[in-house]
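So this one's final_39.pdb, PDB, C-alpha atoms and all ligand atoms:
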ATOM      1  CA  MET A1291       0.000   0.000   0.000
ATOM      2  CA  ARG A1292       1.535   3.290  -1.170
ATOM      3  CA  SER A1293       0.685   6.901  -0.492
ATOM      4  CA  VAL A1294       1.842  10.015  -2.344
ATOM      5  CA  ILE A1295       2.626  12.870   0.019
ATOM      6  CA  ASP A1296       5.546  14.479  -1.804
ATOM      7  CA  ILE A1297       6.291  14.478  -5.541
ATOM      8  CA  LYS A1298       9.574  12.711  -4.710
ATOM      9  CA  ASP A1299       7.535   9.717  -3.525
ATOM     10  CA  LEU A1300       7.345   8.965  -7.250
ATOM     11  CA  SER A1301      10.493   8.144  -9.220
ATOM     12  CA  LYS A1302      11.267   9.817 -12.531
ATOM     13  CA  GLU A1303      10.386   6.511 -14.240
ATOM     14  CA  GLU A1304       7.018   6.350 -12.456
ATOM     15  CA  ILE A1305       6.243   9.921 -13.516
ATOM     16  CA  ALA A1306       7.028   8.966 -17.117
ATOM     17  CA  GLU A1307       4.694   5.969 -16.709
ATOM     18  CA  LEU A1308       1.876   8.192 -15.317
ATOM     19  CA  VAL A1309       2.316  10.635 -18.212
ATOM     20  CA  SER A1310       2.163   7.752 -20.679
ATOM     21  CA  ILE A1311      -0.990   6.277 -19.044
ATOM     22  CA  SER A1312      -2.599   9.752 -19.100
ATOM     23  CA  GLU A1313      -1.893  10.051 -22.821
ATOM     24  CA  ASP A1314      -3.499   6.646 -23.349
ATOM     25  CA  ILE A1315      -6.550   7.666 -21.272
ATOM     26  CA  ILE A1316      -6.893  10.809 -23.412
ATOM     27  CA  SER A1317      -6.745   8.709 -26.612
ATOM     28  CA  ASN A1318      -8.842   5.751 -25.400
ATOM     29  CA  PRO A1319     -11.169   6.834 -22.561
ATOM     30  CA  GLN A1320     -13.535   3.860 -23.050
ATOM     31  CA  LYS A1321     -10.711   1.448 -22.229
ATOM     32  CA  TYR A1322     -10.621   2.888 -18.699
ATOM     33  CA  ALA A1323     -14.353   3.379 -18.083
ATOM     34  CA  HIS A1324     -14.737   0.359 -15.758
ATOM     35  CA  LYS A1325     -11.244   0.017 -14.301
ATOM     36  CA  CYS A1326     -12.395   1.117 -10.839
ATOM     37  CA  ASP A1327     -15.853  -0.455 -10.752
ATOM     38  CA  GLY A1328     -16.784  -1.056  -7.106
ATOM     39  CA  LYS A1329     -13.980   1.179  -5.740
ATOM     40  CA  LYS A1330     -14.498   4.294  -3.637
ATOM     41  CA  LEU A1331     -12.433   7.475  -3.402
ATOM     42  CA  ALA A1332     -12.855   9.701  -0.320
ATOM     43  CA  THR A1333     -12.048  13.374  -0.903
ATOM     44  CA  LEU A1334     -11.350  14.998   2.474
ATOM     45  CA  PHE A1335     -10.899  18.717   1.928
ATOM     46  CA  PHE A1336     -10.281  20.843   5.037
ATOM     47  CA  GLU A1337      -9.468  23.849   2.804
ATOM     48  CA  PRO A1338     -11.391  25.279  -0.193
ATOM     49  CA  SER A1339     -10.785  23.812  -3.647
ATOM     50  CA  THR A1340     -12.416  23.783  -7.054
ATOM     51  CA  ARG A1341     -10.006  22.005  -9.417
ATOM     52  CA  THR A1342      -8.282  19.494  -7.186
ATOM     53  CA  ARG A1343     -11.354  18.086  -5.466
ATOM     54  CA  LEU A1344     -13.614  18.087  -8.500
ATOM     55  CA  SER A1345     -10.953  16.725 -10.863
ATOM     56  CA  PHE A1346     -10.254  13.896  -8.395
ATOM     57  CA  GLU A1347     -13.977  13.171  -8.250
ATOM     58  CA  ALA A1348     -14.412  13.388 -12.037
ATOM     59  CA  ALA A1349     -11.360  11.116 -12.397
ATOM     60  CA  MET A1350     -12.871   8.438 -10.151
ATOM     61  CA  TYR A1351     -16.281   8.633 -11.869
ATOM     62  CA  GLU A1352     -14.638   8.312 -15.301
ATOM     63  CA  LEU A1353     -12.874   5.181 -14.050
ATOM     64  CA  GLY A1354     -16.256   3.694 -13.051
ATOM     65  CA  GLY A1355     -15.756   4.202  -9.308
ATOM     66  CA  ASN A1356     -17.656   6.157  -6.677
ATOM     67  CA  VAL A1357     -16.850   9.099  -4.456
ATOM     68  CA  LEU A1358     -17.361  10.003  -0.792
ATOM     69  CA  SER A1359     -16.904  13.749  -0.547
ATOM     70  CA  MET A1360     -16.136  15.965   2.443
ATOM     71  CA  SER A1361     -15.741  19.495   1.136
ATOM     72  CA  ASP A1362     -16.307  21.527   4.273
ATOM     73  CA  SER A1363     -14.427  20.838   7.498
ATOM     74  CA  ALA A1364     -17.141  22.697   9.462
ATOM     75  CA  SER A1365     -19.598  19.901   8.649
ATOM     76  CA  SER A1366     -17.190  17.115   9.666
ATOM     77  CA  SER A1367     -16.211  15.896  13.122
ATOM     78  CA  ALA A1368     -12.920  17.807  12.790
ATOM     79  CA  SER A1369     -15.023  20.749  14.014
ATOM     80  CA  LYS A1370     -15.645  18.768  17.230
ATOM     81  CA  GLY A1371     -11.934  18.222  17.689
ATOM     82  CA  GLU A1372     -11.379  14.858  15.972
ATOM     83  CA  SER A1373      -7.722  14.355  15.049
ATOM     84  CA  VAL A1374      -6.445  13.811  11.505
ATOM     85  CA  ALA A1375      -5.103  10.417  12.641
ATOM     86  CA  ASP A1376      -8.522   9.243  13.874
ATOM     87  CA  THR A1377     -10.258  10.610  10.774
ATOM     88  CA  ALA A1378      -7.842   8.641   8.569
ATOM     89  CA  LYS A1379      -8.371   5.420  10.566
ATOM     90  CA  VAL A1380     -12.141   5.754  10.196
ATOM     91  CA  ILE A1381     -12.249   6.765   6.516
ATOM     92  CA  SER A1382     -10.006   3.767   5.678
ATOM     93  CA  CYS A1383     -12.983   1.626   6.762
ATOM     94  CA  TYR A1384     -15.226   3.268   4.142
ATOM     95  CA  ALA A1385     -13.026   4.035   1.127
ATOM     96  CA  ASP A1386     -10.319   2.348  -0.972
ATOM     97  CA  ILE A1387      -8.248   5.512  -1.432
ATOM     98  CA  ILE A1388      -8.191   8.996   0.138
ATOM     99  CA  ALA A1389      -7.308  12.409  -1.308
ATOM    100  CA  MET A1390      -6.740  14.936   1.496
ATOM    101  CA  ARG A1391      -6.215  18.701   1.486
ATOM    102  CA  HIS A1392      -5.404  20.377   4.780
ATOM    103  CA  PRO A1393      -4.234  23.859   5.844
ATOM    104  CA  LYS A1394      -1.601  22.335   8.157
ATOM    105  CA  GLU A1395       1.688  21.216   6.626
ATOM    106  CA  GLY A1396       2.200  17.492   7.272
ATOM    107  CA  ALA A1397      -1.473  16.615   7.922
ATOM    108  CA  PRO A1398      -1.744  14.262   4.867
ATOM    109  CA  MET A1399       1.494  12.583   6.035
ATOM    110  CA  VAL A1400      -0.079  11.957   9.468
ATOM    111  CA  ALA A1401      -3.182  10.611   7.698
ATOM    112  CA  SER A1402      -1.048   8.224   5.613
ATOM    113  CA  MET A1403       0.635   6.884   8.757
ATOM    114  CA  ASN A1404      -2.750   6.026  10.239
ATOM    115  CA  SER A1405      -4.636   4.884   7.165
ATOM    116  CA  THR A1406      -4.875   1.341   5.835
ATOM    117  CA  VAL A1407      -5.565   2.646   2.314
ATOM    118  CA  PRO A1408      -3.431   4.931   0.068
ATOM    119  CA  VAL A1409      -3.513   8.646   0.919
ATOM    120  CA  ILE A1410      -2.806  11.310  -1.690
ATOM    121  CA  ASN A1411      -1.731  14.766  -0.543
ATOM    122  CA  ALA A1412      -4.071  17.186  -2.328
ATOM    123  CA  GLY A1413      -2.225  20.214  -0.898
ATOM    124  CA  ASP A1414      -0.943  20.839   2.636
ATOM    125  CA  GLY A1415      -0.633  24.469   3.701
ATOM    126  CA  GLY A1416       2.313  26.246   2.054
ATOM    127  CA  HIS A1417       4.225  22.976   1.742
ATOM    128  CA  ASN A1418       3.446  20.604  -1.145
ATOM    129  CA  HIS A1419       0.891  19.851  -3.845
ATOM    130  CA  PRO A1420       2.171  16.757  -5.671
ATOM    131  CA  THR A1421      -0.869  16.135  -7.879
ATOM    132  CA  GLN A1422      -0.743  19.730  -9.111
ATOM    133  CA  THR A1423       2.876  19.008 -10.007
ATOM    134  CA  LEU A1424       1.857  15.870 -11.903
ATOM    135  CA  THR A1425      -0.708  18.049 -13.694
ATOM    136  CA  ASP A1426       2.027  20.579 -14.497
ATOM    137  CA  LEU A1427       4.390  17.873 -15.742
ATOM    138  CA  LEU A1428       1.753  16.362 -18.023
ATOM    139  CA  THR A1429       1.061  19.873 -19.339
ATOM    140  CA  ILE A1430       4.767  20.561 -19.967
ATOM    141  CA  HIS A1431       5.054  17.214 -21.749
ATOM    142  CA  ARG A1432       1.991  17.888 -23.919
ATOM    143  CA  GLU A1433       2.967  21.492 -24.713
ATOM    144  CA  LYS A1434       6.746  21.115 -25.082
ATOM    145  CA  GLY A1435       7.244  17.401 -25.775
ATOM    146  CA  ARG A1436      10.097  17.187 -23.245
ATOM    147  CA  PHE A1437      11.159  17.919 -19.669
ATOM    148  CA  ASP A1438      14.855  18.630 -20.344
ATOM    149  CA  ASN A1439      16.589  21.856 -21.452
ATOM    150  CA  LEU A1440      13.863  24.349 -20.586
ATOM    151  CA  THR A1441      14.109  27.816 -19.054
ATOM    152  CA  VAL A1442      11.291  27.957 -16.535
ATOM    153  CA  GLY A1443      10.167  31.240 -14.986
ATOM    154  CA  LEU A1444       8.132  31.024 -11.784
ATOM    155  CA  CYS A1445       6.424  34.277 -10.907
ATOM    156  CA  GLY A1446       4.405  35.614  -7.968
ATOM    157  CA  ASP A1447       4.202  34.171  -4.487
ATOM    158  CA  LEU A1448       7.222  31.872  -4.399
ATOM    159  CA  LYS A1449       7.349  31.875  -0.591
ATOM    160  CA  PHE A1450       3.999  30.318   0.268
ATOM    161  CA  GLY A1451       3.227  28.807  -3.155
ATOM    162  CA  ARG A1452       3.151  25.048  -2.567
ATOM    163  CA  THR A1453       2.656  24.404  -6.284
ATOM    164  CA  VAL A1454       5.937  26.213  -6.952
ATOM    165  CA  HIS A1455       7.835  24.263  -4.287
ATOM    166  CA  SER A1456       6.616  20.907  -5.618
ATOM    167  CA  LEU A1457       7.247  21.824  -9.269
ATOM    168  CA  ILE A1458      10.814  22.991  -8.600
ATOM    169  CA  SER A1459      11.464  19.796  -6.652
ATOM    170  CA  ALA A1460      10.190  17.693  -9.574
ATOM    171  CA  LEU A1461      12.064  19.597 -12.297
ATOM    172  CA  THR A1462      15.414  19.364 -10.506
ATOM    173  CA  ARG A1463      15.511  15.721 -11.631
ATOM    174  CA  TYR A1464      15.763  16.684 -15.314
ATOM    175  CA  GLU A1465      18.771  17.847 -17.361
ATOM    176  CA  GLY A1466      19.466  21.424 -18.379
ATOM    177  CA  ILE A1467      16.610  23.130 -16.535
ATOM    178  CA  LYS A1468      17.239  26.820 -15.783
ATOM    179  CA  PHE A1469      15.024  28.381 -13.127
ATOM    180  CA  VAL A1470      14.152  32.081 -13.163
ATOM    181  CA  LEU A1471      12.557  33.008  -9.836
ATOM    182  CA  ILE A1472      10.482  36.186 -10.144
ATOM    183  CA  SER A1473       8.896  37.597  -6.981
ATOM    184  CA  PRO A1474       8.717  40.614  -4.706
ATOM    185  CA  GLU A1475      11.513  40.598  -2.080
ATOM    186  CA  GLU A1476       9.010  39.576   0.616
ATOM    187  CA  LEU A1477       7.808  36.521  -1.332
ATOM    188  CA  LYS A1478      11.102  34.960  -2.392
ATOM    189  CA  VAL A1479      11.420  31.192  -2.600
ATOM    190  CA  PRO A1480      12.469  29.591   0.737
ATOM    191  CA  SER A1481      16.140  28.611   1.176
ATOM    192  CA  TYR A1482      15.393  24.890   1.343
ATOM    193  CA  VAL A1483      13.866  25.050  -2.160
ATOM    194  CA  LYS A1484      16.886  26.962  -3.529
ATOM    195  CA  ASN A1485      19.169  24.389  -1.897
ATOM    196  CA  THR A1486      17.413  21.614  -3.848
ATOM    197  CA  ILE A1487      18.231  23.453  -7.097
ATOM    198  CA  LYS A1488      21.889  23.920  -6.063
ATOM    199  CA  GLU A1489      22.296  20.328  -4.854
ATOM    200  CA  ASN A1490      21.199  19.122  -8.279
ATOM    201  CA  GLY A1491      23.763  21.335 -10.032
ATOM    202  CA  LEU A1492      21.132  23.392 -11.856
ATOM    203  CA  GLU A1493      21.159  27.117 -12.601
ATOM    204  CA  TYR A1494      18.807  29.662 -11.107
ATOM    205  CA  LYS A1495      18.505  33.409 -10.915
ATOM    206  CA  GLN A1496      16.260  35.609  -8.812
ATOM    207  CA  THR A1497      14.714  38.885  -9.866
ATOM    208  CA  THR A1498      11.848  41.191  -8.993
ATOM    209  CA  ASP A1499      11.481  42.307 -12.630
ATOM    210  CA  LEU A1500       9.348  40.066 -14.853
ATOM    211  CA  MET A1501       9.818  42.148 -18.002
ATOM    212  CA  SER A1502      13.620  41.910 -17.920
ATOM    213  CA  VAL A1503      13.548  38.090 -18.085
ATOM    214  CA  LEU A1504      10.349  37.385 -20.059
ATOM    215  CA  PRO A1505      12.090  37.106 -23.498
ATOM    216  CA  GLU A1506      14.303  34.213 -22.333
ATOM    217  CA  LEU A1507      11.546  31.961 -20.933
ATOM    218  CA  ASP A1508      10.189  28.732 -22.463
ATOM    219  CA  ILE A1509       7.623  28.423 -19.672
ATOM    220  CA  LEU A1510       6.112  31.140 -17.501
ATOM    221  CA  TYR A1511       4.430  29.671 -14.420
ATOM    222  CA  MET A1512       2.317  32.451 -12.891
ATOM    223  CA  THR A1513       0.949  32.153  -9.353
ATOM    224  CA  ARG A1514      -1.533  34.015  -7.218
ATOM    225  CA  VAL A1515      -0.514  36.038  -4.168
ATOM    226  CA  GLN A1516      -2.484  34.034  -1.610
ATOM    227  CA  ARG A1517      -4.493  36.161   0.777
ATOM    228  CA  GLU A1518      -5.072  33.149   3.063
ATOM    229  CA  ARG A1519      -1.337  32.731   3.794
ATOM    230  CA  PHE A1520      -0.786  36.323   5.029
ATOM    231  CA  PHE A1521      -0.922  37.263   8.714
ATOM    232  CA  ASN A1522      -1.333  40.908   7.811
ATOM    233  CA  GLU A1523      -3.978  42.250   5.360
ATOM    234  CA  GLU A1524      -1.890  45.378   4.703
ATOM    235  CA  ASP A1525       1.001  43.280   3.353
ATOM    236  CA  TYR A1526      -1.390  41.316   1.147
ATOM    237  CA  LEU A1527      -2.917  44.490  -0.308
ATOM    238  CA  ARG A1528       0.539  45.947  -0.990
ATOM    239  CA  LEU A1529       1.800  42.826  -2.793
ATOM    240  CA  LYS A1530      -1.270  41.345  -4.459
ATOM    241  CA  ASP A1531      -0.881  43.123  -7.810
ATOM    242  CA  SER A1532       2.911  42.917  -8.058
ATOM    243  CA  TYR A1533       2.637  41.191 -11.445
ATOM    244  CA  VAL A1534      -0.201  41.463 -13.920
ATOM    245  CA  LEU A1535       0.401  39.720 -17.249
ATOM    246  CA  THR A1536      -1.205  41.491 -20.221
ATOM    247  CA  PRO A1537      -1.123  40.986 -24.020
ATOM    248  CA  GLU A1538       1.114  44.084 -24.333
ATOM    249  CA  LYS A1539       3.701  42.644 -21.949
ATOM    250  CA  LEU A1540       3.689  39.346 -23.852
ATOM    251  CA  GLU A1541       4.867  41.071 -27.039
ATOM    252  CA  SER A1542       8.475  40.552 -25.910
ATOM    253  CA  ALA A1543       7.979  36.848 -25.079
ATOM    254  CA  LYS A1544       8.930  33.847 -27.212
ATOM    255  CA  ILE A1545       6.417  32.803 -29.859
ATOM    256  CA  ASP A1546       6.270  29.318 -28.306
ATOM    257  CA  LEU A1547       6.190  30.404 -24.656
ATOM    258  CA  SER A1548       3.846  28.255 -22.532
ATOM    259  CA  ILE A1549       1.949  30.338 -19.986
ATOM    260  CA  MET A1550       0.892  28.141 -17.088
ATOM    261  CA  HIS A1551      -0.992  28.838 -13.852
ATOM    262  CA  PRO A1552      -2.271  26.307 -11.304
ATOM    263  CA  LEU A1553      -5.366  28.522 -10.868
ATOM    264  CA  PRO A1554      -7.374  30.062  -9.318
ATOM    265  CA  ARG A1555      -6.164  33.383 -10.687
ATOM    266  CA  VAL A1556      -7.196  36.719  -9.291
ATOM    267  CA  ASN A1557      -5.551  39.618 -11.182
ATOM    268  CA  GLU A1558      -2.167  38.229 -12.141
ATOM    269  CA  ILE A1559      -3.188  37.249 -15.689
ATOM    270  CA  SER A1560      -5.497  39.589 -17.572
ATOM    271  CA  VAL A1561      -8.487  37.752 -19.112
ATOM    272  CA  ALA A1562      -7.368  39.277 -22.431
ATOM    273  CA  VAL A1563      -4.442  36.807 -22.350
ATOM    274  CA  ASP A1564      -6.839  33.829 -22.401
ATOM    275  CA  ASN A1565      -7.196  33.990 -26.199
ATOM    276  CA  ASP A1566      -3.443  33.860 -26.745
ATOM    277  CA  PRO A1567      -2.535  30.343 -27.986
ATOM    278  CA  ARG A1568       0.410  30.431 -25.569
ATOM    279  CA  ALA A1569      -2.007  30.471 -22.601
ATOM    280  CA  CYS A1570      -2.306  26.862 -21.477
ATOM    281  CA  TYR A1571      -3.803  27.201 -17.983
ATOM    282  CA  PHE A1572      -7.239  25.869 -18.910
ATOM    283  CA  ARG A1573      -5.686  22.954 -20.832
ATOM    284  CA  GLN A1574      -3.579  22.445 -17.697
ATOM    285  CA  ALA A1575      -6.727  22.204 -15.523
ATOM    286  CA  LEU A1576      -8.119  19.522 -17.865
ATOM    287  CA  ASN A1577      -4.841  17.595 -17.737
ATOM    288  CA  GLY A1578      -5.307  17.437 -13.963
ATOM    289  CA  LYS A1579      -8.206  15.039 -14.381
ATOM    290  CA  TYR A1580      -6.274  12.648 -16.626
ATOM    291  CA  ILE A1581      -3.141  12.469 -14.502
ATOM    292  CA  ARG A1582      -5.265  11.919 -11.365
ATOM    293  CA  MET A1583      -6.995   9.040 -13.165
ATOM    294  CA  ALA A1584      -3.567   7.571 -13.877
ATOM    295  CA  LEU A1585      -2.452   8.052 -10.265
ATOM    296  CA  ILE A1586      -5.594   6.429  -8.837
ATOM    297  CA  LEU A1587      -5.033   3.411 -11.112
ATOM    298  CA  LYS A1588      -1.420   3.148 -10.013
ATOM    299  CA  LEU A1589      -2.085   3.416  -6.265
ATOM    300  CA  LEU A1590      -4.992   0.973  -6.447
ATOM    301  CA  GLU A1591      -2.719  -1.353  -8.459
ATOM    302  CA  VAL A1592      -5.287  -1.676 -11.230
ATOM    303  CA  GLU A1593      -3.807  -3.271 -14.369
TER
HETATM  304  N1  LIG B   1      -4.770  24.370  -8.476
HETATM  305  C1  LIG B   1      -5.516  24.104  -7.386
HETATM  306  O1  LIG B   1      -5.048  23.458  -6.423
HETATM  307  O2  LIG B   1      -6.785  24.602  -7.441
HETATM  308  P1  LIG B   1      -7.891  24.418  -6.326
HETATM  309  O3  LIG B   1      -7.420  25.142  -5.096
HETATM  310  O4  LIG B   1      -9.144  24.996  -6.906
HETATM  311  O5  LIG B   1      -8.009  22.953  -6.034
END

Could you spell out this file's structure in structure tokens?
Amino acid sequence: MRSVIDIKDLSKEEIAELVSISEDIISNPQKYAHKCDGKKLATLFFEPSTRTRLSFEAAMYELGGNVLSMSDSASSSASKGESVADTAKVISCYADIIAMRHPKEGAPMVASMNSTVPVINAGDGGHNHPTQTLTDLLTIHREKGRFDNLTVGLCGDLKFGRTVHSLISALTRYEGIKFVLISPEELKVPSYVKNTIKENGLEYKQTTDLMSVLPELDILYMTRVQRERFFNEEDYLRLKDSYVLTPEKLESAKIDLSIMHPLPRVNEISVAVDNDPRACYFRQALNGKYIRMALILKLLEVE
């Protein structure tokens, strides 16, 4: 029985396998329509979500399985003080696999240590979001056809952005990746994430100025400044519109730039950018369903 708490719980070879299964699901959905007949996925979300929870649920339905959904911690016994460990022990009695999002870093790990069924981390605080990273990797593969030799700009809240931390961790396993870390001073990437880049012998540079680096990027991964991670509303209001991508700004970008965003967006990408063929964030959201289908199959050991 395996859980996925961190993207590094999956080897590079397993990620390649998940990408390949996702491509096959996209080409032959009928082949997978009954793979999880009789199986149940529990989605335990102690923090708001649109894409992750609903794409997990759509994934399980498209595999022929069923879903037990907890989308509001206030209506669960967590509001009466039940621990994550006890919740995991109990839900293991009802479901074959669990996807958990929690505001506290490490909560899905605690759940996995107390569950008798696989637990998937669907985002824990400002820490990790491995299935978003799988989504991002499938998107990079579909848009670029490779993972190696790419200049990847990550822009916005690089301090609290768990999607950024997981994606950097995943990409450090590939050759010739150059990271360009674009953020306000206050939202720079944590040292432990930079250390991972250095330990893998890859290049990175940090800047506050998106426009000065935009022309060199193959991928621009925009992120939202997350109101819910700030202790101080004043700081949030000061930083929230640090970067706003517009069609005018994109004039200096490569013709084959891929603009990604884990979503939700607030102001950081103008809606006028949505019609640009380089904008792949809605294709990215769709990819999230396919890669989660592949991951469910793998963790449930379905042939
Ligand atoms: N990308 C992402 O995690 O979106 P949700 O918060 O809507 O799940």

Distance of atom O2 of ligand LIG 1 (chain B) from CA of His1431 in chain A, expressed in Å to one decimal place: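 One can read the CA of His1431 in chain A to atom O2 of ligand LIG 1 (chain B) distance as 20.0 Å.
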
Hits from the PyMOL selection byres (((not hetatm)) within 10 of (chain B and resi 1)), listed as number ranges by chain: A: 1335, 1337-1346, 1391, 1412-1413, 1419-1423, 1425-1426, 1452-1453, 1513, 1551-1555, 1571, 1574-1575, 1578

Picked residues, the PyMOL selection byres (((chain A and resi 1493) around 9) and not hetatm), as JSON, numbers by chain: {"A": [1466, 1467, 1468, 1469, 1470, 1487, 1488, 1491, 1492, 1494, 1495]}

Which of A:Ser1402, A:Lys1449, A:Ile1387, A:Glu1433 sits closest to Gly1416 in chain A [using all atoms listed in the file]: A:Lys1449

Residues near Ser1312 in chain A, cut-off 10 Å, all atoms listed in the file, skip fewer than 5 positions along chain, as a VMD selection string: chain A and resid 1306 to 1307 1317 to 1319 1428 1577 to 1585

Result set, the PyMOL selection byres (((chain A and resi 1462) around 9) and not hetatm) on current file, as a PyMOL selection string: chain A and resi 1457-1461+1463-1465+1467+1486-1487+1489-1492

Nearest-residue call for Phe1521 in chain A, choices A:Ile1410, A:Ile1586, A:Phe1450, A:Ser1366, using all atoms listed in the file: A:Phe1450
